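I have placed the structure first, in the form of structure tokens, so that the comments after it can refer back to it.
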Amino acid sequence: MSLFKNVLVQFEKAAVLADLDPDLKMVLLEPERIVTVKVPVKMDNGGLRIFEGFRVQHNSARGPYKGGIRYHQDVDMAEVRSLASWMTIKCAVVGIPLGGGKGGIVVDPKELSKGELERLTRGYVRLIAPVIGPEMDVPAPDVNTDGEIMSWIADEYSKIVGRDEKGVVTGKPVGQGGSVGRDEATARGGFIILDEMRKDEGFKAEEMRFVMQGFGNAGATMAKLMVDAGYKLVGASDSRMGIYCAEGLDVDELMAFKASGDNFANYDNPRVEKIEGRGILEKECEVLVLAALENQVDSGNAHGVKAKIVFELANGPTTPDADDILKDRGVRVIPDVLANAGGVTVSYFEMLQNKDDNYWNEQEVRDKLTKIMLEAYAGVRKHAEKHSATLREGAYLVAFERLAEAMDL
Ligand code: NAD
């Protein structure tokens, strides 16, 4: 099933539960604006290549569009559109005054030199500049984009408008208007919710073995936070290989290994079992954290998931069919629109700090993030319980209420 079909199924299920006004549903199913650009880039060898890029602005009823920019060879419009609509829901779930957007460029950034990547980024900004801005649409990092790329965007946009407008993007390095704590925000926000749920369900952290699918920005950081709190890392994977060890994996060693640019296919340790493809998702554990890409748990492997909790740190990693199977099997799914909302929440903090030119310390960021995440979790849980629904449906119910209010007003 395509990602966009997944979005439609999730919307439809929650709309029925929420008894959503049909006009509102119609509006929420369509993005307000779709921009497609073709970016010419002079390559290092003197040749020219044209890259396709997108920016989708889904809904601005609650505030400026907000959402990351993804660089990936498989990016397409349907994917960006799906991710943009999830951003609208996500911002409403955590109650921050932002709408939803998303961007992407069809490129494998590993094939480009740094200079080519910078020229591509700046070219993309020149083409989307008319529709972005601190009060209009504020991009951020996503898969394969980082603080440095955000600095290029802020710099190029500031040149175009002729003034310093670093508030046009979030996720900037701290020295260039970024917020402390943004790097770890997605992981920390996720950890806050997972740990609250653990306490609610009466488990000890030490009883929780976990598998981390995807060991990038979000996944590796969350693995570290979990291990520091007493959870036991037994499995991890990257795009090349899964590794599993029932006695436990050393998170610091794995982080250092990945930071060296290597991949798990080359990870040599006689105690570790190597697992190809998505096999790691079916290994013994209490918590399965999905921190890679979309459509990872589907009807083909959902029956084999051993975890009691599936945690969606990635966007859209569980298909609707798999959602139903997991629900029937009593597996709790913490949905993406709540689970990874810490990133956009601290992005919102960055926007506030840029606007006031007043910067917060790490403790302030953590305290404010914790408050927002715990309130969001409590609200989602309450709505889910009231309707005997899943947490995903509970999250959509919260979001629909807030979006309906904003659109009515
Ligand atoms: P990243 O590029 O830093 O890391 C992605 C990781 O997934 C890498 O380790 C990669 O090797 C691995 N991976 C890719 N394909 C895989 C596969 N088929 N099997 C196993 N591993 C695979 O990206 P990230 O920023 O950590 O984002 C990961 C997910 O989290 C994405 O879905 C993204 O949209 C979501 N997310 C990230 C943020 C953020 O602030 N970084 C915020 C919200 C949501």
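Lettering and numbering for the structure tokens are positional, with chains as A, B, ... in the shown order, residues counted from 1 in each chain, and ligands counted from 1 in the shown order.
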Residues up to 8 Å from ligand 1, counting only C-alpha atoms and all ligand atoms: could you list those as an NGL selection string?
:A and (68 or 70 or 83 or 141-145 or 182-187 or 213-220 or 237-242 or 263 or 277-278 or 290-294 or 296 or 313-317 or 336 or 340-344)
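Near Lys327 (chain A), within 10 Å and counting only C-alpha atoms, sit Asp321, Val333, Ala389 and Thr390 of chain A; same-chain residues fewer than 6 positions away were not included.
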Serialized selection, all heavy atoms, as a PDB file, in the first residue's frame:
```pdb
ATOM      1  N   ASP A 321      -2.845  -2.021   7.891  1.00  0.00           N
ATOM      2  CA  ASP A 321      -3.128  -3.466   8.077  1.00  0.00           C
ATOM      3  C   ASP A 321      -2.370  -3.988   9.290  1.00  0.00           C
ATOM      4  O   ASP A 321      -2.907  -4.746  10.112  1.00  0.00           O
ATOM      5  CB  ASP A 321      -2.617  -4.284   6.867  1.00  0.00           C
ATOM      6  CG  ASP A 321      -3.433  -4.035   5.637  1.00  0.00           C
ATOM      7  OD1 ASP A 321      -4.484  -3.391   5.764  1.00  0.00           O
ATOM      8  OD2 ASP A 321      -2.995  -4.487   4.551  1.00  0.00           O
ATOM      9  N   VAL A 333       0.783   0.382  20.125  1.00  0.00           N
ATOM     10  CA  VAL A 333       1.578   1.165  19.175  1.00  0.00           C
ATOM     11  C   VAL A 333       1.541   2.633  19.616  1.00  0.00           C
ATOM     12  O   VAL A 333       0.472   3.209  19.770  1.00  0.00           O
ATOM     13  CB  VAL A 333       1.018   1.050  17.738  1.00  0.00           C
ATOM     14  CG1 VAL A 333       1.825   1.923  16.765  1.00  0.00           C
ATOM     15  CG2 VAL A 333       1.019  -0.408  17.276  1.00  0.00           C
ATOM     16  N   ALA A 389     -10.390   3.401  21.860  1.00  0.00           N
ATOM     17  CA  ALA A 389      -9.663   3.446  20.584  1.00  0.00           C
ATOM     18  C   ALA A 389      -8.174   3.238  20.817  1.00  0.00           C
ATOM     19  O   ALA A 389      -7.700   3.182  21.960  1.00  0.00           O
ATOM     20  CB  ALA A 389      -9.910   4.804  19.928  1.00  0.00           C
ATOM     21  N   THR A 390      -7.437   3.137  19.717  1.00  0.00           N
ATOM     22  CA  THR A 390      -5.977   3.022  19.827  1.00  0.00           C
ATOM     23  C   THR A 390      -5.386   4.406  20.126  1.00  0.00           C
ATOM     24  O   THR A 390      -6.059   5.436  19.960  1.00  0.00           O
ATOM     25  CB  THR A 390      -5.368   2.539  18.497  1.00  0.00           C
ATOM     26  OG1 THR A 390      -5.675   3.510  17.493  1.00  0.00           O
ATOM     27  CG2 THR A 390      -5.905   1.175  18.096  1.00  0.00           C
TER      28      THR A 390
END
```
Enumerate, as a ChimeraX atom specification, the complete set of residues in region 121-242 of chain A that a backbone-based DSSP assignment places in strand (DSSP E).
/A:137-141,209-213,232-237,242
Write out as JSON, numbers by chain which residues come within 7 Å of Ala154 (chain A) when counting only C-alpha atoms, dropping same-chain ones fewer than 4 positions away.
{"A": [150, 158, 165, 166, 168, 169]}
Can you list, as a PDB file with N, CA, C and O atoms, in the first residue's frame, every protein, DNA or RNA residue that comes within 8 Å of region 21-30 of chain A when you count only C-alpha atoms, leaving out same-chain residues fewer than 2 positions away?
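New file part-v8.pdb:
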```
ATOM      1  N   LEU A   8      -4.720   8.131   4.048  1.00  0.00           N
ATOM      2  CA  LEU A   8      -6.172   8.174   3.844  1.00  0.00           C
ATOM      3  C   LEU A   8      -6.886   7.228   4.800  1.00  0.00           C
ATOM      4  O   LEU A   8      -7.901   7.581   5.403  1.00  0.00           O
ATOM      5  N   ALA A  15     -11.709   9.872  11.431  1.00  0.00           N
ATOM      6  CA  ALA A  15     -12.806  10.797  11.114  1.00  0.00           C
ATOM      7  C   ALA A  15     -14.142  10.188  11.512  1.00  0.00           C
ATOM      8  O   ALA A  15     -15.032  10.874  12.013  1.00  0.00           O
ATOM      9  N   ASP A  19     -16.560  11.674  14.338  1.00  0.00           N
ATOM     10  CA  ASP A  19     -17.742  12.225  13.687  1.00  0.00           C
ATOM     11  C   ASP A  19     -17.393  13.587  13.056  1.00  0.00           C
ATOM     12  O   ASP A  19     -18.085  14.587  13.248  1.00  0.00           O
ATOM     13  N   GLU A  32      -2.844  22.604   0.891  1.00  0.00           N
ATOM     14  CA  GLU A  32      -3.210  23.943   0.397  1.00  0.00           C
ATOM     15  C   GLU A  32      -2.343  24.342  -0.804  1.00  0.00           C
ATOM     16  O   GLU A  32      -2.793  25.035  -1.696  1.00  0.00           O
ATOM     17  N   HIS A  58       0.592  21.784   3.668  1.00  0.00           N
ATOM     18  CA  HIS A  58      -0.653  21.047   3.835  1.00  0.00           C
ATOM     19  C   HIS A  58      -1.762  21.882   4.445  1.00  0.00           C
ATOM     20  O   HIS A  58      -2.844  21.999   3.885  1.00  0.00           O
ATOM     21  N   ASN A  59      -1.486  22.458   5.621  1.00  0.00           N
ATOM     22  CA  ASN A  59      -2.565  23.194   6.300  1.00  0.00           C
ATOM     23  C   ASN A  59      -1.965  24.255   7.208  1.00  0.00           C
ATOM     24  O   ASN A  59      -1.006  23.990   7.923  1.00  0.00           O
ATOM     25  N   SER A  85       0.963  16.084   5.650  1.00  0.00           N
ATOM     26  CA  SER A  85      -0.320  16.012   6.367  1.00  0.00           C
ATOM     27  C   SER A  85      -0.099  15.487   7.790  1.00  0.00           C
ATOM     28  O   SER A  85      -0.756  15.932   8.736  1.00  0.00           O
ATOM     29  N   ALA A 404     -10.442  21.664  14.047  1.00  0.00           N
ATOM     30  CA  ALA A 404     -11.818  22.103  13.798  1.00  0.00           C
ATOM     31  C   ALA A 404     -12.041  23.461  14.450  1.00  0.00           C
ATOM     32  O   ALA A 404     -12.621  24.371  13.847  1.00  0.00           O
TER      33      ALA A 404
END
```
Nearest residue to Leu391 (chain A) from the set A:Pro335, A:Gly230, A:Gly330, A:Gly189 (distances using only C-alpha atoms):
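Of A:Pro335, A:Gly230, A:Gly330, A:Gly189, the one nearest Leu391 (chain A) is A:Pro335, counting only C-alpha atoms.
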For Asp357 (chain A), please output as a ChimeraX atom specification all residues within 12 Å (counting only C-alpha atoms; exclusion window: fewer than 3 positions along the same chain).
/A:165-167,176-179,349-354,360
Grab the residues selected above and save them as a compact mmCIF listing (two decimals), in the first residue's frame with C-alpha atoms.
```
# COMPACT_ATOMS: atom_id res chain seq x y z
CA GLU A 165 16.23 35.96 8.41
CA LYS A 166 17.66 32.98 10.24
CA GLY A 167 14.13 32.22 11.50
CA GLN A 176 23.90 30.22 14.17
CA GLY A 177 20.59 30.75 15.91
CA GLY A 178 19.79 27.14 16.70
CA SER A 179 18.27 26.00 19.98
CA PHE A 349 11.11 26.78 20.70
CA GLU A 350 13.85 27.75 18.23
CA MET A 351 11.39 29.96 16.33
CA LEU A 352 10.41 31.69 19.59
CA GLN A 353 14.06 32.22 20.57
CA ASN A 354 14.94 33.63 17.11
CA TRP A 360 17.26 29.47 26.60
```
At a cut-off of 7 Å, using only C-alpha atoms, what residues contact Val297 (chain A)? Leave out same-chain residues fewer than 3 positions from it and give the result as a list of chain:residue names.
A:Asn301, A:Ala302, A:Pro317, A:Thr318, A:Thr319, A:Ala322
